[in-house]
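Asker: Coordinates in work05.cif, mmCIF, C-alpha atoms, are listed below.
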data_work
#
loop_
_atom_site.group_PDB
_atom_site.id
_atom_site.type_symbol
_atom_site.label_atom_id
_atom_site.label_comp_id
_atom_site.auth_asym_id
_atom_site.auth_seq_id
_atom_site.Cartn_x
_atom_site.Cartn_y
_atom_site.Cartn_z
ATOM 1 C CA MET A 1 13.780 23.405 4.484
ATOM 2 C CA ILE A 2 10.728 22.622 2.343
ATOM 3 C CA ILE A 3 11.900 19.030 1.971
ATOM 4 C CA SER A 4 12.213 18.727 5.758
ATOM 5 C CA ALA A 5 8.674 20.048 6.184
ATOM 6 C CA PHE A 6 7.384 17.492 3.685
ATOM 7 C CA VAL A 7 9.288 14.720 5.438
ATOM 8 C CA LEU A 8 7.684 15.681 8.739
ATOM 9 C CA ILE A 9 4.219 15.807 7.156
ATOM 10 C CA ILE A 10 4.694 12.401 5.526
ATOM 11 C CA LEU A 11 5.990 10.822 8.730
ATOM 12 C CA GLY A 12 3.165 12.294 10.805
ATOM 13 C CA ALA A 13 0.554 11.136 8.325
ATOM 14 C CA ALA A 14 2.070 7.645 8.218
ATOM 15 C CA VAL A 15 2.041 7.398 12.006
ATOM 16 C CA VAL A 16 -1.604 8.522 12.069
ATOM 17 C CA ALA A 17 -2.440 5.964 9.363
ATOM 18 C CA VAL A 18 -0.875 3.195 11.429
ATOM 19 C CA LEU A 19 -2.302 4.164 14.817
ATOM 20 C CA ALA A 20 -5.745 5.531 13.872
ATOM 21 C CA GLN A 21 -8.754 3.879 15.488
ATOM 22 C CA ASN A 22 -11.010 4.765 12.561
ATOM 23 C CA MET A 23 -10.619 3.395 9.047
ATOM 24 C CA ARG A 24 -11.627 6.693 7.431
ATOM 25 C CA THR A 25 -9.008 8.602 9.412
ATOM 26 C CA SER A 26 -6.445 6.007 8.420
ATOM 27 C CA ALA A 27 -7.418 6.307 4.740
ATOM 28 C CA LEU A 28 -7.183 10.106 4.884
ATOM 29 C CA ALA A 29 -3.758 9.961 6.556
ATOM 30 C CA LEU A 30 -2.579 7.398 3.995
ATOM 31 C CA TRP A 31 -3.737 9.750 1.240
ATOM 32 C CA VAL A 32 -1.812 12.679 2.756
ATOM 33 C CA ALA A 33 1.339 10.555 3.064
ATOM 34 C CA SER A 34 1.008 9.401 -0.552
ATOM 35 C CA LEU A 35 0.510 12.951 -1.802
ATOM 36 C CA GLY A 36 3.631 13.994 0.094
ATOM 37 C CA VAL A 37 5.620 11.139 -1.429
ATOM 38 C CA GLY A 38 4.408 12.265 -4.867
ATOM 39 C CA THR A 39 5.704 15.725 -4.104
ATOM 40 C CA ILE A 40 9.071 14.238 -3.134
ATOM 41 C CA TYR A 41 9.062 12.480 -6.518
ATOM 42 C CA LEU A 42 8.452 15.846 -8.144
ATOM 43 C CA THR A 43 11.525 17.339 -6.508
ATOM 44 C CA VAL A 44 13.827 14.553 -7.731
ATOM 45 C CA GLY A 45 12.704 14.790 -11.355
ATOM 46 C CA ALA A 46 10.178 11.941 -11.454
ATOM 47 C CA GLU A 47 7.220 13.980 -12.713
ATOM 48 C CA THR A 48 5.437 11.104 -14.431
ATOM 49 C CA LEU A 49 5.700 8.915 -11.369
ATOM 50 C CA ALA A 50 4.492 11.793 -9.186
ATOM 51 C CA VAL A 51 1.323 12.203 -11.249
ATOM 52 C CA ILE A 52 0.717 8.428 -11.242
ATOM 53 C CA GLN A 53 1.289 8.332 -7.474
ATOM 54 C CA TRP A 54 -1.214 11.148 -6.908
ATOM 55 C CA ILE A 55 -3.873 9.537 -9.098
ATOM 56 C CA VAL A 56 -3.433 6.052 -7.632
ATOM 57 C CA SER A 57 -3.331 7.292 -4.025
ATOM 58 C CA THR A 58 -6.490 9.348 -4.534
ATOM 59 C CA LEU A 59 -8.329 6.352 -5.981
ATOM 60 C CA VAL A 60 -7.020 4.141 -3.158
ATOM 61 C CA ALA A 61 -8.209 6.646 -0.526
ATOM 62 C CA ILE A 62 -11.650 6.888 -2.141
ATOM 63 C CA SER A 63 -11.988 3.101 -2.336
ATOM 64 C CA PHE A 64 -10.822 2.718 1.294
ATOM 65 C CA THR A 65 -13.476 5.223 2.354
ATOM 66 C CA PHE A 66 -16.192 3.390 0.408
ATOM 67 C CA PHE A 67 -15.240 0.028 1.880
ATOM 68 C CA ALA A 68 -14.940 1.522 5.372
ATOM 69 C CA ALA A 69 -18.501 2.843 5.032
ATOM 70 C CA MET A 70 -19.626 -0.545 3.708
ATOM 71 C CA PHE A 71 -18.112 -2.503 6.612
ATOM 72 C CA ASP A 72 -18.765 0.167 9.236
ATOM 73 C CA GLY A 73 -19.678 -1.132 12.658
ATOM 74 C CA LYS A 74 -19.278 -4.747 11.615
ATOM 75 C CA GLU A 75 -15.662 -5.176 12.634
ATOM 76 C CA SER A 76 -13.320 -3.344 14.937
ATOM 77 C CA PHE A 77 -10.470 -1.506 13.236
ATOM 78 C CA SER A 78 -8.590 -0.725 16.425
ATOM 79 C CA LEU A 79 -4.937 -1.568 16.625
ATOM 80 C CA GLY A 80 -4.472 -4.925 18.283
ATOM 81 C CA GLN A 81 -7.948 -4.876 19.785
ATOM 82 C CA GLY A 82 -9.169 -8.275 20.790
ATOM 83 C CA ALA A 83 -5.636 -9.601 20.946
ATOM 84 C CA GLY A 84 -4.506 -11.713 23.837
ATOM 85 C CA ARG A 85 -1.691 -10.891 26.207
ATOM 86 C CA GLY A 86 0.790 -13.062 24.339
ATOM 87 C CA ARG A 87 0.022 -11.359 21.057
ATOM 88 C CA ARG A 88 0.431 -7.916 22.616
ATOM 89 C CA ILE A 89 3.810 -8.905 24.066
ATOM 90 C CA SER A 90 4.924 -10.341 20.737
ATOM 91 C CA MET A 91 3.808 -7.124 19.000
ATOM 92 C CA LEU A 92 5.869 -5.045 21.422
ATOM 93 C CA ALA A 93 8.877 -7.331 20.962
ATOM 94 C CA LEU A 94 8.526 -7.123 17.212
ATOM 95 C CA ALA A 95 8.315 -3.333 17.355
ATOM 96 C CA ALA A 96 11.489 -3.285 19.443
ATOM 97 C CA VAL A 97 13.293 -5.576 16.969
ATOM 98 C CA VAL A 98 12.184 -3.427 14.025
ATOM 99 C CA GLY A 99 13.372 -0.322 15.864
ATOM 100 C CA LEU A 100 16.751 -1.918 16.599
ATOM 101 C CA CYS A 101 17.103 -2.980 12.958
ATOM 102 C CA PHE A 102 16.304 0.554 11.890
ATOM 103 C CA VAL A 103 18.911 1.996 14.258
ATOM 104 C CA ALA A 104 21.483 -0.500 12.938
ATOM 105 C CA LEU A 105 20.548 0.352 9.352
ATOM 106 C CA VAL A 106 21.021 4.047 9.963
ATOM 107 C CA TYR A 107 24.239 3.482 11.937
ATOM 108 C CA PHE A 108 25.923 1.249 9.366
ATOM 109 C CA GLY A 109 24.472 2.766 6.217
ATOM 110 C CA TRP A 110 24.575 6.442 7.071
ATOM 111 C CA ALA A 111 27.803 7.100 5.136
ATOM 112 C CA SER A 112 26.433 5.609 1.916
ATOM 113 C CA THR A 113 23.091 7.435 1.940
ATOM 114 C CA PRO A 114 23.002 10.679 -0.055
ATOM 115 C CA THR A 115 22.904 13.808 2.045
ATOM 116 C CA GLY A 116 20.908 16.892 1.267
ATOM 117 C CA PRO A 117 18.383 17.403 -1.495
ATOM 118 C CA MET A 118 19.027 15.428 -4.674
ATOM 119 C CA GLU A 119 19.302 17.299 -7.949
ATOM 120 C CA ALA A 120 16.923 16.256 -10.657
ATOM 121 C CA PRO A 121 18.767 15.034 -13.768
ATOM 122 C CA LEU A 122 17.986 17.191 -16.795
ATOM 123 C CA LYS A 123 19.194 14.979 -19.658
ATOM 124 C CA ASN A 124 17.324 11.857 -20.794
ATOM 125 C CA ASN A 125 14.726 12.258 -18.087
ATOM 126 C CA ASP A 126 11.601 12.918 -20.156
ATOM 127 C CA LEU A 127 8.576 10.797 -20.956
ATOM 128 C CA LEU A 128 9.975 9.744 -24.340
ATOM 129 C CA ALA A 129 13.108 8.286 -22.765
ATOM 130 C CA LEU A 130 11.003 6.569 -20.115
ATOM 131 C CA GLY A 131 8.737 4.982 -22.734
ATOM 132 C CA GLN A 132 11.658 3.899 -24.897
ATOM 133 C CA LEU A 133 13.451 2.313 -21.955
ATOM 134 C CA MET A 134 10.288 0.570 -20.836
ATOM 135 C CA THR A 135 9.517 -0.909 -24.250
ATOM 136 C CA GLU A 136 13.096 -1.801 -25.123
ATOM 137 C CA LYS A 137 14.495 -3.178 -21.875
ATOM 138 C CA HIS A 138 11.518 -3.877 -19.621
ATOM 139 C CA LEU A 139 8.963 -5.168 -22.107
ATOM 140 C CA LEU A 140 8.561 -8.571 -20.437
ATOM 141 C CA SER A 141 7.979 -6.914 -17.054
ATOM 142 C CA LEU A 142 5.422 -4.602 -18.632
ATOM 143 C CA GLU A 143 3.589 -7.507 -20.269
ATOM 144 C CA THR A 144 3.647 -9.480 -17.018
ATOM 145 C CA LEU A 145 2.214 -6.518 -15.150
ATOM 146 C CA GLY A 146 -0.528 -6.066 -17.738
ATOM 147 C CA VAL A 147 -1.500 -9.746 -17.599
ATOM 148 C CA THR A 148 -1.430 -9.641 -13.788
ATOM 149 C CA LEU A 149 -3.761 -6.639 -13.681
ATOM 150 C CA PHE A 150 -6.125 -8.311 -16.160
ATOM 151 C CA VAL A 151 -6.197 -11.578 -14.207
ATOM 152 C CA VAL A 152 -6.749 -9.728 -10.938
ATOM 153 C CA LEU A 153 -9.590 -7.728 -12.442
ATOM 154 C CA VAL A 154 -11.367 -10.805 -13.781
ATOM 155 C CA GLY A 155 -10.534 -12.922 -10.717
ATOM 156 C CA GLY A 156 -11.736 -10.210 -8.365
ATOM 157 C CA GLY A 157 -15.074 -10.150 -10.131
ATOM 158 C CA VAL A 158 -15.322 -13.943 -9.905
ATOM 159 C CA ILE A 159 -14.373 -14.063 -6.209
ATOM 160 C CA ALA A 160 -16.711 -11.268 -5.157
ATOM 161 C CA ARG A 161 -19.784 -12.609 -6.960
ATOM 162 C CA PRO A 162 -22.628 -14.075 -4.899
ATOM 163 C CA GLU A 163 -23.010 -17.832 -4.822
ATOM 164 C CA ALA A 164 -25.544 -19.197 -7.297
ATOM 165 C CA ALA A 165 -26.797 -21.697 -4.711
ATOM 166 C CA ASP A 166 -27.399 -18.913 -2.205
ATOM 167 C CA GLU A 167 -29.366 -16.972 -4.786
ATOM 168 C CA ASP A 168 -31.485 -20.028 -5.503
ATOM 169 C CA GLU A 169 -32.165 -20.436 -1.788
ATOM 170 C CA LYS A 170 -33.230 -16.815 -1.524
ATOM 171 C CA GLU A 171 -35.541 -17.197 -4.472
ATOM 172 C CA THR A 172 -37.197 -20.367 -3.152
ATOM 173 C CA ASP A 173 -37.211 -19.341 0.507
ATOM 174 C CA PRO A 174 -38.338 -15.750 0.964
ATOM 175 C CA CYS A 175 -37.839 -15.946 4.731
ATOM 176 C CA MET B 1 17.191 11.849 4.819
ATOM 177 C CA LEU B 2 14.750 10.791 2.106
ATOM 178 C CA ILE B 3 15.967 7.195 2.028
ATOM 179 C CA VAL B 4 15.657 7.052 5.810
ATOM 180 C CA LEU B 5 12.100 8.344 5.373
ATOM 181 C CA ALA B 6 11.412 5.530 2.905
ATOM 182 C CA ALA B 7 12.776 2.987 5.398
ATOM 183 C CA MET B 8 10.585 4.404 8.149
ATOM 184 C CA LEU B 9 7.511 4.247 5.913
ATOM 185 C CA GLY B 10 8.267 0.601 5.187
ATOM 186 C CA GLY B 11 8.764 -0.135 8.889
ATOM 187 C CA LEU B 12 5.515 1.569 9.859
ATOM 188 C CA GLY B 13 3.689 -0.390 7.164
ATOM 189 C CA LEU B 14 5.180 -3.643 8.418
ATOM 190 C CA PHE B 15 4.110 -2.823 11.956
ATOM 191 C CA SER B 16 0.596 -2.093 10.708
ATOM 192 C CA VAL B 17 0.438 -5.365 8.776
ATOM 193 C CA ILE B 18 1.455 -7.361 11.834
ATOM 194 C CA SER B 19 -0.631 -5.567 14.429
ATOM 195 C CA ARG B 20 -3.927 -4.950 12.634
ATOM 196 C CA ARG B 21 -6.675 -7.538 12.919
ATOM 197 C CA THR B 22 -8.821 -6.593 9.943
ATOM 198 C CA LEU B 23 -8.229 -7.001 6.225
ATOM 199 C CA LEU B 24 -8.600 -3.297 5.442
ATOM 200 C CA GLY B 25 -6.044 -2.368 8.098
ATOM 201 C CA ILE B 26 -3.610 -4.900 6.673
ATOM 202 C CA PHE B 27 -4.145 -3.494 3.178
ATOM 203 C CA ALA B 28 -3.406 0.025 4.453
ATOM 204 C CA GLY B 29 -0.152 -1.274 5.947
ATOM 205 C CA ILE B 30 0.776 -2.996 2.701
ATOM 206 C CA GLN B 31 0.122 0.234 0.805
ATOM 207 C CA LEU B 32 2.463 2.043 3.194
ATOM 208 C CA MET B 33 5.144 -0.608 2.675
ATOM 209 C CA LEU B 34 4.805 -0.353 -1.104
ATOM 210 C CA ILE B 35 5.095 3.436 -0.948
ATOM 211 C CA GLY B 36 8.338 3.053 0.998
ATOM 212 C CA ALA B 37 9.639 0.425 -1.428
ATOM 213 C CA SER B 38 8.898 2.459 -4.566
ATOM 214 C CA MET B 39 10.391 5.545 -2.950
ATOM 215 C CA THR B 40 13.554 3.588 -2.167
ATOM 216 C CA PHE B 41 13.942 2.489 -5.790
ATOM 217 C CA VAL B 42 13.277 5.973 -7.183
ATOM 218 C CA LEU B 43 15.744 7.637 -4.820
ATOM 219 C CA ALA B 44 18.357 4.952 -5.378
ATOM 220 C CA GLY B 45 17.997 5.421 -9.136
ATOM 221 C CA VAL B 46 18.457 9.169 -8.834
ATOM 222 C CA ALA B 47 21.409 8.797 -6.481
ATOM 223 C CA SER B 48 23.143 6.192 -8.669
ATOM 224 C CA GLY B 49 22.836 8.149 -11.906
ATOM 225 C CA ALA B 50 20.281 5.859 -13.586
ATOM 226 C CA PRO B 51 17.030 7.589 -12.660
ATOM 227 C CA LEU B 52 14.776 6.099 -15.331
ATOM 228 C CA HIS B 53 15.392 2.528 -14.185
ATOM 229 C CA GLY B 54 14.336 3.556 -10.688
ATOM 230 C CA HIS B 55 11.253 5.275 -12.083
ATOM 231 C CA ILE B 56 10.209 2.162 -13.995
ATOM 232 C CA VAL B 57 10.634 -0.128 -10.997
ATOM 233 C CA GLY B 58 8.720 2.372 -8.865
ATOM 234 C CA LEU B 59 5.936 2.426 -11.439
ATOM 235 C CA PHE B 60 5.751 -1.374 -11.442
ATOM 236 C CA ILE B 61 5.566 -1.410 -7.640
ATOM 237 C CA ILE B 62 2.743 1.146 -7.593
ATOM 238 C CA LEU B 63 0.706 -0.757 -10.192
ATOM 239 C CA GLY B 64 1.432 -4.069 -8.456
ATOM 240 C CA GLY B 65 0.032 -2.483 -5.312
ATOM 241 C CA VAL B 66 -3.129 -1.665 -7.231
ATOM 242 C CA ALA B 67 -3.435 -5.321 -8.261
ATOM 243 C CA GLN B 68 -2.965 -6.429 -4.654
ATOM 244 C CA LEU B 69 -5.620 -3.987 -3.519
ATOM 245 C CA VAL B 70 -8.154 -5.177 -6.101
ATOM 246 C CA GLY B 71 -7.655 -8.796 -5.041
ATOM 247 C CA GLY B 72 -7.881 -7.809 -1.402
ATOM 248 C CA TYR B 73 -11.119 -5.916 -1.938
ATOM 249 C CA ALA B 74 -12.588 -8.923 -3.706
ATOM 250 C CA LEU B 75 -11.613 -11.177 -0.784
ATOM 251 C CA SER B 76 -13.030 -8.676 1.720
ATOM 252 C CA THR B 77 -16.310 -8.467 -0.163
ATOM 253 C CA ARG B 78 -16.538 -12.241 -0.353
ATOM 254 C CA LEU B 79 -15.737 -12.609 3.339
ATOM 255 C CA PHE B 80 -18.254 -9.956 4.317
ATOM 256 C CA TYR B 81 -20.880 -11.608 2.129
ATOM 257 C CA LEU B 82 -20.342 -14.964 3.813
ATOM 258 C CA ARG B 83 -19.490 -14.049 7.420
ATOM 259 C CA ARG B 84 -20.659 -10.440 7.865
ATOM 260 C CA GLN B 85 -17.220 -9.512 9.207
ATOM 261 C CA ILE B 86 -13.772 -8.967 7.728
ATOM 262 C CA GLY B 87 -11.479 -10.144 10.513
ATOM 263 C CA ILE B 88 -8.294 -11.918 9.528
ATOM 264 C CA GLN B 89 -9.315 -14.929 11.624
ATOM 265 C CA GLU B 90 -12.325 -15.557 9.392
ATOM 266 C CA LEU B 91 -10.183 -15.691 6.253
ATOM 267 C CA ARG B 92 -9.511 -19.395 6.755
ATOM 268 C CA SER B 93 -13.207 -20.086 6.504
ATOM 269 C CA LEU B 94 -13.026 -19.335 2.772
ATOM 270 C CA LYS B 95 -11.220 -22.649 2.277
ATOM 271 C CA ARG B 96 -14.321 -24.548 3.258
#
Give the structure from this file in C-alpha cells form.

Answerer:
Amino acid sequence: MIISAFVLIILGAAVVAVLAQNMRTSALALWVASLGVGTIYLTVGAETLAVIQWIVSTLVAISFTFFAAMFDGKESFSLGQGAGRGRRISMLALAAVVGLCFVALVYFGWASTPTGPMEAPLKNNDLLALGQLMTEKHLLSLETLGVTLFVVLVGGGVIARPEAADEDEKETDPC
Amino acid sequence: MLIVLAAMLGGLGLFSVISRRTLLGIFAGIQLMLIGASMTFVLAGVASGAPLHGHIVGLFIILGGVAQLVGGYALSTRLFYLRRQIGIQELRSLKR
C-alpha cells in the first residue's frame, strides 16, 4: 500500500517534471521524484544508495534552480515551443512508438518481473561488504569514474571561463 | 510494479530529452532517464539475489549523471556568455 502510494507520487512528479512550463517547477518535481526513488531504495535494502540519491538529487535541484534564475526570461522552457508542424508531428509519433514499446515490454516481460514488494536481503548487505566488493571487483570502474569526475570538473572550469580576448576588448573599449 | 515504474521514468525522460528545446530541459530529462536506469539495476540486483552488484552499478550511474550535469552546466554557461540564450539550436555555434 505504501509502496503503491510512493509509486504514484514518483510517477506524478515525473510527469510534472516533463510537462512543466517553468524550469523551477520542473526542478522541484524532479527533486520529489528523486526523493521518492531514494525511499524505494530504502525499502529494498539499499540504504547507502538511498542516502547518496537524496544528497545528489537535492544538490541537482538546487543547481537547477540557480541556473533557472540565471537564465530566467532569456529562453523559453516550454515543451516543444517554437517547434514547427513537422517537429510536433514527429514528437507525437515518437510518443506513440514509445508507448507501444512500453505496452509490448509489459506484455512480453510481465511474467519475468517480480511481483509484490521485494524483501531486503539481510546477509552481506552492509557498507563493509559494499566497499570490499567495490575495491576488489570493481576497482577499475571506480578509478575510471574518479578520473572522469576530475576531468569534468577541470574541463567544466575551462569551458565556462570568459575569453581572454573578450576581456581585453572590454578593458580597452569601455563602451 | 517497481521495474515498470523504472521503465516509465526512463520513457518520460526520453520524451523530455527529445521534446525540450533548451539545454536545461534536456538535462532534466537525462536526469530522469538516469534515475530510471539506476533503479532498474538496483531492483534487478535485488531480484536476482546479487544486490550489491546492482547497488554498485546504480552508484556509478548516479555519479556519472553528476559528471554529465557538470559538463552540461559548463556548456550552458559558455553558451549563455556568448549568445545570451541556451537553446539547443545555438549549441552548434560553439564550434566556430

Asker: Starting from the shown file, work through the PyMOL selection byres ((chain A and resi 3) around 9) and note down what comes out as a ChimeraX atom specification.

Answerer: /A:1-2,4-8,40,43,117 /B:2

Asker: Write a file of the selected residues as an mmCIF file, in the coordinates of the input, keeping C-alpha atoms.

Answerer:
data_model
loop_
_atom_site.group_PDB
_atom_site.id
_atom_site.type_symbol
_atom_site.label_atom_id
_atom_site.label_comp_id
_atom_site.auth_asym_id
_atom_site.auth_seq_id
_atom_site.Cartn_x
_atom_site.Cartn_y
_atom_site.Cartn_z
ATOM 1 C CA MET A 1 13.780 23.405 4.484
ATOM 2 C CA ILE A 2 10.728 22.622 2.343
ATOM 3 C CA SER A 4 12.213 18.727 5.758
ATOM 4 C CA ALA A 5 8.674 20.048 6.184
ATOM 5 C CA PHE A 6 7.384 17.492 3.685
ATOM 6 C CA VAL A 7 9.288 14.720 5.438
ATOM 7 C CA LEU A 8 7.684 15.681 8.739
ATOM 8 C CA ILE A 40 9.071 14.238 -3.134
ATOM 9 C CA THR A 43 11.525 17.339 -6.508
ATOM 10 C CA PRO A 117 18.383 17.403 -1.495
ATOM 11 C CA LEU B 2 14.750 10.791 2.106
#

Asker: Taking all atoms listed in the file into account, which of A:Val56, A:Leu149, A:Ala68, A:Val98 comes nearest B:Gly10?

Answerer: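 Residue with the minimum atom-to-atom distance to B:Gly10: A:Val98.
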
Asker: Nearest to chain B among A:Val32, A:Glu143, A:Cys101, A:Leu130, with distances taken over only C-alpha atoms: which residue is it?

Answerer: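 Closest candidate: A:Leu130.
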
Asker: Between chain B and chain A, at 6 Å or less, what are the per-residue closest atom pairs and their distances in Å? Count all atoms listed in the file, order by chain and rising residue number, and return it as CSV.

Answerer:
residue,atom,partner,partner_atom,distance
B:Ser16,CA,A:Val18,CA,5.5
B:Ser19,CA,A:Gly80,CA,5.5
B:Arg20,CA,A:Leu79,CA,5.3
B:Ala67,CA,A:Leu149,CA,5.6
B:Gly71,CA,A:Gly156,CA,5.5
B:Ala74,CA,A:Gly156,CA,4.9
B:Thr77,CA,A:Ala160,CA,5.7
B:Arg78,CA,A:Ala160,CA,4.9
B:Gln85,CA,A:Lys74,CA,5.7

Asker: What gap, in Å, lies between atom CA of B:Phe15 and atom CA of B:Ala37?

Answerer: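 Separating atom CA of B:Phe15 from atom CA of B:Ala37 is a distance of 14.8 Å.
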